>>> print(open('protein10.cif').read())   # mmCIF, C-alpha atoms (C1' of nucleotides)
data_final
#
loop_
_atom_site.label_atom_id
_atom_site.label_comp_id
_atom_site.auth_asym_id
_atom_site.auth_seq_id
_atom_site.Cartn_x
_atom_site.Cartn_y
_atom_site.Cartn_z
CA MET V 24 11.78 -5.50 -1.98
CA ASP V 25 14.31 -6.14 -4.69
CA ARG V 26 17.12 -4.03 -6.00
CA PRO V 27 16.10 -1.29 -8.40
CA LYS V 28 16.33 -2.17 -12.07
CA ARG V 29 19.44 -0.96 -13.79
CA PHE V 30 20.50 0.08 -17.22
CA PRO V 31 23.03 -2.05 -19.12
CA PRO V 32 26.33 -1.85 -17.20
CA GLY V 33 28.53 1.01 -18.30
CA ALA V 34 26.11 2.26 -20.94
CA LEU V 35 25.18 5.46 -19.15
CA SER V 36 28.77 6.35 -18.32
CA VAL V 37 29.81 5.94 -21.93
CA TYR V 38 26.78 7.95 -23.04
CA PHE V 39 27.67 10.72 -20.62
CA ASP V 40 31.27 10.83 -21.85
CA ALA V 41 30.07 11.10 -25.45
CA LEU V 42 27.63 13.89 -24.65
CA PHE V 43 30.23 15.79 -22.67
CA LEU V 44 32.84 15.42 -25.39
CA ALA V 45 30.37 16.59 -28.05
CA HIS V 46 28.76 19.49 -26.21
CA GLY V 47 31.04 20.45 -23.34
CA PRO V 48 30.16 21.67 -19.85
CA GLN V 49 26.75 23.32 -19.63
CA HIS V 50 27.42 25.44 -16.52
CA TRP V 51 24.08 24.72 -14.92
CA TRP V 52 21.88 25.85 -13.25
CA PRO V 53 21.61 29.34 -14.74
CA GLY V 54 21.35 31.65 -11.72
CA ARG V 55 23.61 33.83 -9.63
CA THR V 56 22.63 32.63 -6.17
CA ARG V 57 21.12 29.56 -4.54
CA PHE V 58 17.88 31.40 -3.97
CA GLU V 59 17.70 32.50 -7.59
CA ILE V 60 18.22 28.89 -8.66
CA ILE V 61 15.32 27.82 -6.46
CA VAL V 62 13.10 30.54 -7.90
CA GLY V 63 14.03 29.40 -11.42
CA ALA V 64 13.25 25.78 -10.57
CA ILE V 65 9.75 26.76 -9.46
CA LEU V 66 9.03 29.19 -12.28
CA THR V 67 10.15 26.85 -15.05
CA GLN V 68 7.47 24.25 -14.33
CA ASN V 69 6.05 23.40 -17.76
CA THR V 70 7.27 26.74 -19.06
CA ALA V 71 9.84 27.91 -21.60
CA TRP V 72 12.96 29.30 -19.92
CA LYS V 73 12.79 32.54 -21.87
CA ASN V 74 9.56 33.43 -20.07
CA VAL V 75 11.09 32.47 -16.75
CA ALA V 76 14.08 34.72 -17.41
CA ARG V 77 11.71 37.68 -17.86
CA ALA V 78 10.03 37.06 -14.53
CA ILE V 79 13.38 36.68 -12.77
CA ARG V 80 14.52 39.93 -14.36
CA ASN V 81 11.43 41.60 -12.94
CA LEU V 82 12.27 40.25 -9.50
CA ARG V 83 15.86 41.41 -9.75
CA HIS V 84 14.91 44.93 -10.75
CA ALA V 85 12.49 45.00 -7.83
CA ARG V 86 15.27 43.66 -5.53
CA LEU V 87 13.17 40.65 -4.67
CA LEU V 88 15.65 37.84 -5.17
CA THR V 89 15.95 37.00 -1.49
CA ALA V 90 13.76 34.79 0.63
CA ASP V 91 13.07 37.58 3.07
CA ALA V 92 11.94 39.98 0.37
CA ILE V 93 9.60 37.38 -1.14
CA ARG V 94 8.24 36.63 2.31
CA ARG V 95 7.41 40.27 2.95
CA ILE V 96 6.03 41.38 -0.38
CA ARG V 97 2.30 41.44 -1.01
CA ALA V 98 1.07 38.50 -3.06
CA ASP V 99 -0.74 40.63 -5.63
CA ARG V 100 2.40 42.62 -6.40
CA LEU V 101 4.48 39.46 -6.63
CA ALA V 102 1.94 37.96 -9.01
CA ARG V 103 2.24 40.95 -11.37
CA LEU V 104 6.00 40.49 -11.56
CA LEU V 105 5.67 36.75 -12.20
CA ARG V 106 3.15 37.20 -15.00
CA PRO V 107 5.50 36.51 -17.94
CA SER V 108 6.36 33.06 -16.58
CA GLY V 109 2.78 31.78 -16.91
CA TYR V 110 0.64 30.08 -14.24
CA PHE V 111 1.54 33.17 -12.28
CA ARG V 112 -1.10 32.78 -9.55
CA GLN V 113 -0.02 29.20 -8.87
CA LYS V 114 3.63 30.17 -8.87
CA THR V 115 2.99 33.10 -6.53
CA ARG V 116 1.44 30.66 -4.09
CA THR V 117 4.30 28.18 -4.48
CA LEU V 118 7.01 30.80 -3.93
CA LYS V 119 5.19 32.16 -0.90
CA SER V 120 4.76 28.64 0.48
CA PHE V 121 8.44 27.87 0.02
CA VAL V 122 9.74 30.98 1.79
CA ARG V 123 7.27 30.40 4.64
CA PHE V 124 8.58 26.85 4.97
CA LEU V 125 12.17 28.08 4.91
CA HIS V 126 11.44 30.66 7.57
CA GLU V 127 9.54 28.34 9.88
CA GLU V 128 11.73 25.24 9.59
CA TYR V 129 15.18 26.73 9.04
CA GLN V 130 14.96 30.33 10.28
CA GLY V 131 15.19 31.48 6.67
CA SER V 132 18.66 29.99 6.20
CA LEU V 133 19.40 28.03 3.03
CA SER V 134 22.66 26.84 4.57
CA ARG V 135 20.75 25.24 7.43
CA MET V 136 18.18 23.83 5.05
CA PHE V 137 20.73 22.18 2.77
CA ALA V 138 22.60 20.78 5.76
CA ALA V 139 19.64 18.45 6.33
CA PRO V 140 19.92 14.84 5.10
CA THR V 141 18.84 14.44 1.49
CA ASP V 142 15.86 12.15 2.14
CA VAL V 143 14.55 14.32 4.98
CA LEU V 144 14.81 17.54 2.99
CA ARG V 145 13.32 15.91 -0.10
CA ALA V 146 10.24 14.87 1.88
CA GLN V 147 9.93 18.36 3.35
CA LEU V 148 10.15 20.01 -0.06
CA LEU V 149 7.53 17.65 -1.48
CA ALA V 150 5.21 18.73 1.32
CA VAL V 151 5.38 22.34 0.12
CA HIS V 152 2.35 23.10 -2.04
CA GLY V 153 3.39 23.40 -5.68
CA ILE V 154 6.70 21.56 -5.31
CA GLY V 155 6.67 18.11 -6.89
CA PRO V 156 9.42 15.55 -7.52
CA GLU V 157 11.23 17.32 -10.36
CA THR V 158 11.24 20.71 -8.69
CA ALA V 159 12.36 19.21 -5.37
CA ASP V 160 15.22 17.35 -7.04
CA SER V 161 16.28 20.39 -9.07
CA ILE V 162 16.47 22.38 -5.84
CA LEU V 163 18.38 19.61 -4.06
CA LEU V 164 20.87 19.11 -6.89
CA TYR V 165 21.42 22.53 -8.39
CA ALA V 166 21.00 24.78 -5.38
CA GLY V 167 22.16 22.36 -2.69
CA GLN V 168 24.64 20.01 -4.40
CA HIS V 169 22.81 16.96 -3.09
CA PRO V 170 23.41 13.90 -5.33
CA VAL V 171 19.98 13.26 -6.84
CA PHE V 172 19.23 12.70 -10.53
CA VAL V 173 16.63 15.07 -11.95
CA VAL V 174 14.16 13.18 -14.13
CA ASP V 175 12.46 15.57 -16.50
CA ALA V 176 10.41 15.26 -19.69
CA TYR V 177 13.59 15.12 -21.78
CA ALA V 178 15.17 12.31 -19.80
CA ARG V 179 11.96 10.33 -19.95
CA ARG V 180 11.59 10.88 -23.69
CA ILE V 181 15.15 9.87 -24.50
CA LEU V 182 14.93 6.74 -22.39
CA GLU V 183 11.54 5.82 -23.88
CA ARG V 184 12.73 6.39 -27.43
CA HIS V 185 15.44 3.84 -26.88
CA ALA V 186 13.13 1.31 -25.30
CA LEU V 187 14.93 1.45 -21.98
CA LEU V 188 11.80 1.85 -19.92
CA HIS V 189 9.63 -1.21 -19.54
CA GLY V 190 6.06 -0.75 -18.47
CA LYS V 191 5.13 2.66 -17.10
CA PRO V 192 7.68 3.42 -14.41
CA GLY V 193 6.93 6.34 -12.12
CA TYR V 194 9.23 9.25 -11.39
CA ASP V 195 11.00 7.68 -8.43
CA GLU V 196 11.55 4.39 -10.18
CA ILE V 197 13.32 6.08 -13.09
CA ARG V 198 15.35 8.20 -10.70
CA GLU V 199 16.50 5.19 -8.74
CA MET V 200 17.42 3.36 -11.92
CA LEU V 201 19.61 6.26 -13.02
CA GLU V 202 21.16 6.85 -9.61
CA SER V 203 22.00 3.19 -9.06
CA SER V 204 23.56 2.86 -12.53
CA LEU V 205 26.06 5.68 -11.96
CA PRO V 206 28.54 6.85 -9.33
CA ARG V 207 26.60 8.90 -6.77
CA ASN V 208 28.27 12.21 -7.57
CA HIS V 209 26.43 15.52 -7.65
CA GLN V 210 28.71 17.03 -10.29
CA LEU V 211 28.06 14.09 -12.59
CA PHE V 212 24.29 14.29 -12.04
CA ASN V 213 24.42 18.04 -12.61
CA GLU V 214 26.27 17.86 -15.91
CA PHE V 215 24.39 14.79 -17.12
CA HIS V 216 20.94 16.27 -16.64
CA ALA V 217 22.03 19.55 -18.22
CA LEU V 218 23.34 17.68 -21.26
CA ILE V 219 20.11 15.69 -21.52
CA VAL V 220 18.15 18.93 -21.64
CA TYR V 221 20.50 20.31 -24.30
CA VAL V 222 20.13 17.24 -26.48
CA GLY V 223 16.41 17.07 -25.81
CA LYS V 224 15.86 20.65 -26.88
CA ASN V 225 18.03 20.50 -29.95
CA TYR V 226 17.65 16.99 -31.32
CA CYS V 227 15.40 14.54 -29.55
CA ARG V 228 12.15 16.33 -30.26
CA PRO V 229 8.81 14.72 -31.09
CA ASN V 230 8.77 13.52 -34.71
CA ASN V 231 12.26 14.78 -35.33
CA PRO V 232 14.06 12.37 -37.67
CA ARG V 233 17.37 13.75 -36.44
CA CYS V 234 16.73 12.09 -33.11
CA SER V 235 19.60 9.78 -34.03
CA GLN V 236 21.72 12.70 -32.83
CA CYS V 237 20.86 11.90 -29.28
CA CYS V 238 23.06 8.89 -29.76
CA LEU V 239 22.08 6.80 -26.79
CA SER V 240 21.47 3.71 -28.89
CA ARG V 241 25.08 3.64 -30.06
CA PHE V 242 26.26 2.86 -26.57
CA LEU V 243 23.87 0.05 -25.77
CA PRO V 244 23.84 -3.68 -26.45
CA GLN V 245 21.90 -4.39 -29.63
CA SER V 246 19.18 -6.16 -27.68
CA SER V 247 18.22 -3.01 -25.81
CA ALA V 248 19.00 -0.51 -28.55
CA ALA V 249 15.82 -0.88 -30.57
CA ILE V 250 14.40 2.49 -31.55
CA PRO V 251 10.62 2.45 -31.96
"C1'" DT Q 20 -2.41 29.87 -36.22
"C1'" DG Q 21 -2.20 26.51 -33.19
"C1'" DC Q 22 0.88 24.03 -30.37
"C1'" DC Q 23 4.12 23.77 -27.01
"C1'" DA Q 24 7.47 24.70 -23.06
"C1'" DG Q 25 12.85 21.78 -17.98
"C1'" DG Q 26 5.07 20.28 -13.70
"C1'" DC Q 27 1.79 20.02 -10.09
"C1'" DC Q 28 -2.65 19.53 -7.93
"C1'" DG Q 29 -7.36 17.90 -7.10
"C1'" DG Q 30 -11.18 15.23 -8.20
"C1'" DG Q 31 -13.00 11.34 -10.46
"C1'" DT Q 32 -12.81 6.39 -11.72
"C1'" DA H 18 -3.26 3.19 -8.50
"C1'" DC H 19 -4.08 5.71 -12.77
"C1'" DC H 20 -6.45 9.43 -15.72
"C1'" DC H 21 -7.81 13.98 -16.67
"C1'" DG H 22 -8.76 19.01 -16.72
"C1'" DG H 23 -7.08 23.29 -15.05
"C1'" DC H 24 -3.49 26.47 -14.54
"C1'" DA H 25 -1.25 31.11 -18.38
"C1'" DT H 26 2.24 33.40 -20.95
"C1'" DG H 27 5.08 34.23 -25.08
"C1'" DG H 28 7.67 32.21 -29.14
"C1'" DC H 29 7.96 29.71 -33.34
#
>>> encode(input="protein10.cif", output="structure tokens")
Amino acid sequence: MDRPKRFPPGALSVYFDALFLAHGPQHWWPGRTRFEIIVGAILTQNTAWKNVARAIRNLRHARLLTADAIRRIRADRLARLLRPSGYFRQKTRTLKSFVRFLHEEYQGSLSRMFAAPTDVLRAQLLAVHGIGPETADSILLYAGQHPVFVVDAYARRILERHALLHGKPGYDEIREMLESSLPRNHQLFNEFHALIVYVGKNYCRPNNPRCSQCCLSRFLPQSSAAIP
DNA sequence: TGCCAGGCCGGGT
DNA sequence: ACCCGGCATGGC
């Protein structure tokens, strides 16, 4: 069992500084409460945020942005409200599963839940139907301030574009590479992931020649900076 | 008009 | 251990 692979020393820190200087703080995650952040993390699975915002607005108007309210509401009514976010039957089931878990394991208390050790809570979240690695880590980081790096499609694409991933690393391998190449600081992981999403949305898109804007290659040794 | 968006699961090799 | 189809809506 060897040490996780790492990125070139210092490269990620310099990249982060450049992104932050260029684009400023992103104030993530969008959401007024921890529970709303969790709901957003579930609803945004493979879905444009604009659609998620609609569904969250529906929940807010129906006063359903608490775990207890979601636990008590009928599934068919919840599903109607979630409709704009897509996959609404799946997401109804996932939300219901999460609040049941929260109720049974932590008496419905997010404070108690987030007081659990990161690795324990991560495993528990992954056991909830509909919550996978990215959703679990988004919940841990953005709602709970646990220091985990969220690996999403944007992060993967940017790293692949710059030939920083060798072979076909899985989610956890990429996450460990990122976490072990940076100070383990939840505020850094928060801002870094948010900036990656910003750059991914605006520049580093498939077939976009302006992908040079995502800049990562400028901060790497020539040997690892080859862009496909 | 098709293609895509801040994934995840289950069944098949 | 991978690979794939299904899940669904709204925007560009």
>>> resolve_selection(input="protein10.cif", expression="the PyMOL selection byres ((chain Q) within 7 of (chain V))", output="list of chain:residue names")
Q:DA24, Q:DG25, Q:DG26, Q:DC27
>>> resolve_selection(input="protein10.cif", expression="the PyMOL selection byres ((chain Q and resi 29) around 10)", output="count of residues only")
6
>>> interface_residues(input="protein10.cif", of="chain H", to="chain V", cutoff="8 Å", atoms="only C-alpha atoms (C1' of nucleotides)", output="mmCIF file with C-alpha atoms (C1' of nucleotides), in the coordinates of the input")
data_model
loop_
_atom_site.group_PDB
_atom_site.id
_atom_site.type_symbol
_atom_site.label_atom_id
_atom_site.label_comp_id
_atom_site.auth_asym_id
_atom_site.auth_seq_id
_atom_site.Cartn_x
_atom_site.Cartn_y
_atom_site.Cartn_z
ATOM 1 C "C1'" DC H 24 -3.490 26.470 -14.540
ATOM 2 C "C1'" DA H 25 -1.250 31.110 -18.380
ATOM 3 C "C1'" DT H 26 2.240 33.400 -20.950
ATOM 4 C "C1'" DG H 27 5.080 34.230 -25.080
#
>>> atom_distance(input="protein10.cif", atom1="atom CA of V:Asn81", atom2="atom CA of V:Leu104")
5.7 Å
>>> closest_residue(input="protein10.cif", among="V:Arg179, V:Ser36, V:Asn208, V:Leu144", to="V:Glu196", atoms="all atoms listed in the file")
V:Arg179
>>> resolve_selection(input="protein10.cif", expression="the PyMOL selection byres ((chain H and resi 18) around 12)", output="PyMOL selection string")
(chain V and resi 193) or (chain Q and resi 32) or (chain H and resi 19-20)
>>> residues_near_point(input="protein10.cif", point="(21.7, 30.2, -9.8)", cutoff="12 Å", atoms="all atoms listed in the file", output="list in words")
His50, Trp51, Trp52, Pro53, Gly54, Arg55, Thr56, Arg57, Phe58, Glu59, Ile60, Ile61, Val62, Gly63, Ala64, Ala76, Ile79, Leu88, Ser161, Ile162, Leu164, Tyr165, Ala166, Gly167 and Gln168 of chain V
>>> atom_distance(input="protein10.cif", atom1="atom C1' of Q:DC22", atom2="atom CA of V:Ala78")
22.5 Å
>>> atom_distance(input="protein10.cif", atom1="atom CA of V:Phe212", atom2="atom CA of V:Arg77")
27.2 Å
>>> decode(input="protein10.cif", residues="chain H", atoms="C-alpha atoms (C1' of nucleotides)", output="compact mmCIF listing (two decimals), in the first residue's frame")
# COMPACT_ATOMS: atom_id res chain seq x y z
C1' DA H 18 -13.37 -4.73 -11.97
C1' DC H 19 -15.45 -2.25 -15.81
C1' DC H 20 -19.43 -1.08 -19.12
C1' DC H 21 -23.97 0.28 -20.11
C1' DG H 22 -28.88 1.73 -20.07
C1' DG H 23 -32.22 4.05 -17.36
C1' DC H 24 -33.61 7.93 -14.85
C1' DA H 25 -36.35 13.47 -16.63
C1' DT H 26 -36.61 18.35 -16.95
C1' DG H 27 -35.64 22.85 -19.10
C1' DG H 28 -32.24 25.91 -21.61
C1' DC H 29 -29.35 27.05 -25.39
